>>> print(open('protein-v9.cif').read())   # mmCIF, C-alpha atoms and all ligand atoms
data_my_file
#
loop_
_atom_site.label_atom_id
_atom_site.label_comp_id
_atom_site.auth_asym_id
_atom_site.auth_seq_id
_atom_site.Cartn_x
_atom_site.Cartn_y
_atom_site.Cartn_z
CA MET A 1 62.87 143.04 156.33
CA ARG A 2 65.09 143.36 153.33
CA ILE A 3 67.56 140.86 151.88
CA ILE A 4 70.09 141.69 149.18
CA ALA A 5 71.26 138.95 146.80
CA VAL A 6 74.21 139.38 144.44
CA SER A 7 76.11 136.85 142.35
CA ASP A 8 78.82 136.35 139.78
CA THR A 9 80.77 139.59 140.08
CA HIS A 10 83.85 137.85 138.61
CA GLY A 11 86.43 140.15 140.15
CA ASP A 12 84.40 143.33 140.56
CA GLU A 13 84.85 143.93 144.28
CA LEU A 14 83.84 147.58 144.11
CA VAL A 15 80.25 146.91 143.08
CA LEU A 16 79.72 144.76 146.18
CA LYS A 17 80.73 147.72 148.35
CA GLU A 18 78.63 150.13 146.29
CA ILE A 19 75.51 148.01 146.78
CA VAL A 20 75.96 148.04 150.56
CA THR A 21 76.49 151.80 150.47
CA GLU A 22 73.35 152.29 148.39
CA TYR A 23 71.26 149.80 150.40
CA PRO A 24 72.58 150.02 153.98
CA ASP A 25 71.08 148.36 157.03
CA CYS A 26 69.49 145.41 155.25
CA ALA A 27 68.71 142.34 157.32
CA ALA A 28 71.15 140.21 155.31
CA TYR A 29 73.42 140.35 152.27
CA PHE A 30 73.92 137.12 150.32
CA TYR A 31 76.56 136.45 147.70
CA ALA A 32 76.01 133.36 145.54
CA GLY A 33 79.52 132.67 144.29
CA ASP A 34 82.11 133.44 141.60
CA SER A 35 83.48 136.56 143.24
CA GLU A 36 87.03 135.45 142.39
CA LEU A 37 88.00 137.07 145.71
CA ALA A 38 89.62 135.48 148.76
CA ALA A 39 87.19 134.17 151.34
CA ASN A 40 88.80 136.42 153.95
CA ASP A 41 88.18 139.56 151.86
CA ALA A 42 86.57 142.29 153.98
CA VAL A 43 83.40 142.33 151.86
CA PHE A 44 82.55 138.92 153.27
CA LYS A 45 82.17 140.43 156.72
CA THR A 46 78.96 141.88 155.24
CA TYR A 47 78.01 139.30 152.61
CA GLN A 48 77.41 135.66 153.48
CA ALA A 49 78.93 133.76 150.57
CA VAL A 50 79.23 130.34 148.95
CA VAL A 51 81.84 128.96 146.57
CA GLY A 52 81.49 129.24 142.81
CA ASN A 53 83.09 127.09 140.14
CA MET A 54 85.39 129.96 139.18
CA ASP A 55 86.53 130.78 142.73
CA PHE A 56 90.21 130.03 143.29
CA ASP A 57 89.59 130.10 147.04
CA GLN A 58 87.61 126.92 147.68
CA SER A 59 87.28 127.61 151.42
CA PHE A 60 83.88 129.23 150.94
CA PRO A 61 81.11 126.77 151.91
CA LYS A 62 79.38 124.82 149.12
CA THR A 63 75.97 125.57 150.59
CA LEU A 64 74.68 127.90 153.26
CA THR A 65 71.50 127.86 155.30
CA ALA A 66 70.69 131.04 157.20
CA ASP A 67 67.76 132.18 159.30
CA VAL A 68 67.00 135.85 158.79
CA ALA A 69 64.49 136.97 161.41
CA GLY A 70 62.94 133.50 161.38
CA PHE A 71 62.90 133.29 157.56
CA ARG A 72 65.05 130.46 156.23
CA VAL A 73 67.30 130.97 153.24
CA PHE A 74 69.27 128.28 151.40
CA MET A 75 72.03 129.37 149.03
CA THR A 76 74.44 127.61 146.72
CA HIS A 77 76.18 128.66 143.53
CA GLY A 78 74.39 126.03 141.48
CA HIS A 79 77.10 124.05 139.69
CA PHE A 80 76.74 121.18 142.19
CA TYR A 81 73.02 120.96 141.36
CA ASN A 82 73.01 121.02 137.57
CA VAL A 83 71.00 124.26 137.48
CA ARG A 84 71.69 124.92 133.83
CA VAL A 85 69.44 121.94 133.06
CA THR A 86 66.88 121.78 135.89
CA LEU A 87 65.99 123.42 139.19
CA ASP A 88 64.77 120.09 140.62
CA LYS A 89 67.95 119.17 142.52
CA LEU A 90 68.32 122.72 143.81
CA LEU A 91 64.72 122.73 144.99
CA ALA A 92 65.16 119.38 146.74
CA ALA A 93 68.26 120.65 148.56
CA GLY A 94 66.43 123.77 149.64
CA GLN A 95 63.45 121.75 150.81
CA SER A 96 65.77 119.48 152.82
CA ALA A 97 67.13 122.59 154.50
CA GLY A 98 63.60 123.77 155.27
CA ALA A 99 64.12 126.91 153.22
CA GLN A 100 61.44 129.40 152.23
CA LEU A 101 63.82 131.13 149.83
CA ILE A 102 66.57 129.63 147.66
CA ILE A 103 69.28 131.87 146.18
CA TYR A 104 71.64 130.64 143.46
CA GLY A 105 73.82 131.99 140.66
CA HIS A 106 76.04 130.30 138.07
CA THR A 107 73.79 130.76 135.01
CA HIS A 108 74.12 134.58 135.07
CA VAL A 109 70.42 134.60 134.09
CA ALA A 110 68.04 136.46 136.43
CA LEU A 111 65.10 134.36 137.60
CA ALA A 112 62.39 134.58 140.27
CA GLU A 113 59.95 131.68 140.45
CA GLU A 114 57.93 129.77 143.02
CA HIS A 115 58.27 125.99 143.02
CA ALA A 116 56.26 123.89 145.47
CA GLY A 117 55.85 126.88 147.78
CA VAL A 118 59.54 127.78 147.78
CA VAL A 119 60.68 131.00 146.11
CA ILE A 120 63.79 130.53 144.00
CA VAL A 121 65.82 133.61 143.04
CA ASN A 122 68.79 134.01 140.77
CA PRO A 123 69.87 137.65 141.01
CA GLY A 124 71.66 137.38 137.66
CA SER A 125 75.24 138.50 137.28
CA ILE A 126 75.98 142.12 138.05
CA SER A 127 79.07 141.94 135.80
CA GLN A 128 78.48 139.38 133.04
CA PRO A 129 74.70 139.11 132.59
CA ARG A 130 73.12 136.63 130.21
CA GLY A 131 69.53 135.99 129.17
CA PRO A 132 66.60 138.34 128.64
CA LEU A 133 67.76 140.94 131.18
CA ALA A 134 71.34 141.07 129.92
CA LYS A 135 70.56 144.34 128.15
CA LEU A 136 70.41 146.00 131.59
CA GLY A 137 74.17 145.48 131.94
CA GLY A 138 73.96 143.40 135.10
CA THR A 139 71.44 142.87 137.88
CA PHE A 140 71.11 142.00 141.55
CA ALA A 141 68.03 141.28 143.65
CA ILE A 142 66.35 143.17 146.48
CA ILE A 143 64.01 140.84 148.37
CA ASP A 144 61.50 142.29 150.84
CA VAL A 145 59.85 139.79 153.16
CA ASP A 146 56.89 140.47 155.41
CA ALA A 147 54.22 138.30 157.02
CA GLU A 148 52.15 138.13 153.84
CA GLN A 149 54.51 138.15 150.92
CA ILE A 150 57.96 137.91 149.40
CA LYS A 151 58.63 140.77 146.98
CA VAL A 152 61.54 140.31 144.58
CA GLN A 153 62.84 143.40 142.82
CA TYR A 154 65.71 143.61 140.37
CA ALA A 155 68.15 146.48 140.23
CA SER A 156 70.79 147.33 137.69
CA ARG A 157 73.76 149.55 138.41
CA THR A 158 71.50 152.55 137.73
CA GLY A 159 68.74 151.59 140.15
CA ILE A 160 65.64 149.47 140.72
CA ARG A 161 63.72 148.35 137.63
CA PRO A 162 60.13 148.38 138.96
CA GLU A 163 58.71 146.66 135.86
CA LEU A 164 60.56 143.47 136.83
CA THR A 165 59.04 143.16 140.33
CA ARG A 166 57.60 139.77 141.27
CA VAL A 167 55.41 139.27 144.35
CA PHE A 168 54.81 135.83 145.90
CA ASP A 169 52.32 135.10 148.66
CA ARG A 170 53.74 133.34 151.71
MN MN B 201 79.91 132.80 137.05
#
>>> encode(input="protein-v9.cif", output="structure tokens", more="lines below")
Ligand SMILES: [Mn+2]
Amino acid sequence: MRIIAVSDTHGDELVLKEIVTEYPDCAAYFYAGDSELAANDAVFKTYQAVVGNMDFDQSFPKTLTADVAGFRVFMTHGHFYNVRVTLDKLLAAGQSAGAQLIIYGHTHVALAEEHAGVVIVNPGSISQPRGPLAKLGGTFAIIDVDAEQIKVQYASRTGIRPELTRVFDR
């Protein structure tokens, strides 16, 4: 099954719709905060979302735990967990939730790493990217999960960048 993870659009509502149009029928769509949209915006009928530090609407949840076909995902924006400095607090929160995958945003820097058997993914910002992949003009993540592995791919607005794929054994 396929999971889409997007973060930090900072007002770009259209790209959220375009991603669903381009990648329809995924098992789940996660949005990791800083949309700067209202929590009752129609896009959040599709995307499960958490609150970011720049969201005026603070009625989004701070954290979210979701089971996608028996696969547990923990998501938070990251500013409550000091993610600019360390992933330790984020990892501990995900472990407490029993998560196999943690999704966060906030740094605008794409990342896919395994820590203590938990895969941690930052999709990067599709609108204001920072870090080594910023030259792509924004990224989001396409995460394929099967019985053996978790495959994390990154896409820019022009498509999947296969050279960035990371595969983690389950
Ligand atoms: Mn942001």
>>> residues_around(input="protein-v9.cif", residues="range 117-133 of chain A", least_positions_apart="3", cutoff="6 Å", atoms="all atoms listed in the file", output="ChimeraX atom specification")
/A:6-9,100-105,108-114,136,138-141
>>> residues_near_ligand(input="protein-v9.cif", ligand="ligand MN 201 (chain B)", cutoff="7 Å", atoms="only C-alpha atoms and all ligand atoms", output="ChimeraX atom specification")
/A:8,10,34,52,54,106-108
>>> residues_around(input="protein-v9.cif", residues="range 46-50 of chain A", least_positions_apart="5", cutoff="8 Å", atoms="only C-alpha atoms", output="PDB file with C-alpha atoms, in the frame of the given file")
ATOM      1  CA  ALA A  28      71.150 140.210 155.310  1.00  0.00           C
ATOM      2  CA  TYR A  29      73.420 140.350 152.270  1.00  0.00           C
ATOM      3  CA  PHE A  30      73.920 137.120 150.320  1.00  0.00           C
ATOM      4  CA  TYR A  31      76.560 136.450 147.700  1.00  0.00           C
ATOM      5  CA  ALA A  32      76.010 133.360 145.540  1.00  0.00           C
ATOM      6  CA  GLY A  33      79.520 132.670 144.290  1.00  0.00           C
ATOM      7  CA  PHE A  60      83.880 129.230 150.940  1.00  0.00           C
ATOM      8  CA  PRO A  61      81.110 126.770 151.910  1.00  0.00           C
ATOM      9  CA  LYS A  62      79.380 124.820 149.120  1.00  0.00           C
ATOM     10  CA  THR A  63      75.970 125.570 150.590  1.00  0.00           C
ATOM     11  CA  LEU A  64      74.680 127.900 153.260  1.00  0.00           C
ATOM     12  CA  MET A  75      72.030 129.370 149.030  1.00  0.00           C
ATOM     13  CA  THR A  76      74.440 127.610 146.720  1.00  0.00           C
ATOM     14  CA  HIS A  77      76.180 128.660 143.530  1.00  0.00           C
TER      15      HIS A  77
END
>>> atom_distance(input="protein-v9.cif", atom1="CA of Asp12 in chain A", atom2="CA of Val85 in chain A")
27.2 Å
>>> residues_around(input="protein-v9.cif", residues="Tyr23 in chain A", least_positions_apart="6", cutoff="12 Å", atoms="all atoms listed in the file", output="VMD selection string")
chain A and resid 2 to 5 15 to 17 29 140 to 143 155 159 to 160
>>> closest_residue(input="protein-v9.cif", among="A:Thr165, A:His115, A:Val43, A:Tyr154", to="Ala92 in chain A", atoms="all atoms listed in the file")
A:His115
>>> atom_distance(input="protein-v9.cif", atom1="CA of Arg161 in chain A", atom2="CA of Glu13 in chain A")
22.6 Å
>>> closest_residue(input="protein-v9.cif", among="A:Ala116, A:Ala38, A:Ala97, A:Cys26", to="Arg72 in chain A", atoms="all atoms listed in the file")
A:Ala97
>>> build_atoms(input="protein-v9.cif", residues="range 135-157 of chain A", atoms="N, CA and C atoms", output="JSON list (two decimals), keeping the file's coordinate frame")
[["chain", "number", "residue", "atom", "x", "y", "z"],
["A", 135, "LYS", "N", 70.49, 142.98, 128.70],
["A", 135, "LYS", "CA", 70.56, 144.34, 128.15],
["A", 135, "LYS", "C", 70.66, 145.41, 129.23],
["A", 136, "LEU", "N", 70.32, 145.04, 130.48],
["A", 136, "LEU", "CA", 70.41, 146.00, 131.59],
["A", 136, "LEU", "C", 71.85, 146.18, 132.06],
["A", 137, "GLY", "N", 72.76, 145.34, 131.59],
["A", 137, "GLY", "CA", 74.17, 145.48, 131.94],
["A", 137, "GLY", "C", 74.53, 144.89, 133.29],
["A", 138, "GLY", "N", 73.68, 144.03, 133.81],
["A", 138, "GLY", "CA", 73.96, 143.40, 135.10],
["A", 138, "GLY", "C", 72.87, 143.70, 136.10],
["A", 139, "THR", "N", 72.51, 142.70, 136.90],
["A", 139, "THR", "CA", 71.44, 142.87, 137.88],
["A", 139, "THR", "C", 71.81, 142.23, 139.21],
["A", 140, "PHE", "N", 71.12, 142.69, 140.26],
["A", 140, "PHE", "CA", 71.11, 142.00, 141.55],
["A", 140, "PHE", "C", 69.68, 142.08, 142.06],
["A", 141, "ALA", "N", 69.41, 141.38, 143.17],
["A", 141, "ALA", "CA", 68.03, 141.28, 143.65],
["A", 141, "ALA", "C", 67.88, 141.91, 145.03],
["A", 142, "ILE", "N", 66.73, 142.56, 145.20],
["A", 142, "ILE", "CA", 66.35, 143.17, 146.48],
["A", 142, "ILE", "C", 65.06, 142.46, 146.89],
["A", 143, "ILE", "N", 65.11, 141.73, 147.99],
["A", 143, "ILE", "CA", 64.01, 140.84, 148.37],
["A", 143, "ILE", "C", 63.42, 141.33, 149.69],
["A", 144, "ASP", "N", 62.18, 141.78, 149.64],
["A", 144, "ASP", "CA", 61.50, 142.29, 150.84],
["A", 144, "ASP", "C", 60.52, 141.23, 151.33],
["A", 145, "VAL", "N", 60.67, 140.85, 152.58],
["A", 145, "VAL", "CA", 59.85, 139.79, 153.16],
["A", 145, "VAL", "C", 59.03, 140.37, 154.30],
["A", 146, "ASP", "N", 57.72, 140.15, 154.26],
["A", 146, "ASP", "CA", 56.89, 140.47, 155.41],
["A", 146, "ASP", "C", 55.98, 139.28, 155.71],
["A", 147, "ALA", "N", 55.04, 139.44, 156.59],
["A", 147, "ALA", "CA", 54.22, 138.30, 157.02],
["A", 147, "ALA", "C", 53.38, 137.73, 155.90],
["A", 148, "GLU", "N", 53.05, 138.56, 154.91],
["A", 148, "GLU", "CA", 52.15, 138.13, 153.84],
["A", 148, "GLU", "C", 52.85, 137.71, 152.56],
["A", 149, "GLN", "N", 53.96, 138.38, 152.25],
["A", 149, "GLN", "CA", 54.51, 138.15, 150.92],
["A", 149, "GLN", "C", 56.04, 138.28, 150.86],
["A", 150, "ILE", "N", 56.54, 137.78, 149.74],
["A", 150, "ILE", "CA", 57.96, 137.91, 149.40],
["A", 150, "ILE", "C", 58.01, 138.71, 148.10],
["A", 151, "LYS", "N", 58.55, 139.90, 148.17],
["A", 151, "LYS", "CA", 58.63, 140.77, 146.98],
["A", 151, "LYS", "C", 60.06, 140.76, 146.45],
["A", 152, "VAL", "N", 60.21, 140.36, 145.20],
["A", 152, "VAL", "CA", 61.54, 140.31, 144.58],
["A", 152, "VAL", "C", 61.63, 141.44, 143.57],
["A", 153, "GLN", "N", 62.59, 142.33, 143.79],
["A", 153, "GLN", "CA", 62.84, 143.40, 142.82],
["A", 153, "GLN", "C", 64.24, 143.20, 142.23],
["A", 154, "TYR", "N", 64.39, 143.64, 141.00],
["A", 154, "TYR", "CA", 65.71, 143.61, 140.37],
["A", 154, "TYR", "C", 66.21, 145.03, 140.19],
["A", 155, "ALA", "N", 67.50, 145.19, 140.45],
["A", 155, "ALA", "CA", 68.15, 146.48, 140.23],
["A", 155, "ALA", "C", 69.34, 146.29, 139.31],
["A", 156, "SER", "N", 69.56, 147.27, 138.47],
["A", 156, "SER", "CA", 70.79, 147.33, 137.69],
["A", 156, "SER", "C", 71.71, 148.32, 138.40],
["A", 157, "ARG", "N", 72.83, 148.61, 137.81],
["A", 157, "ARG", "CA", 73.76, 149.55, 138.41],
["A", 157, "ARG", "C", 73.18, 150.97, 138.45]]
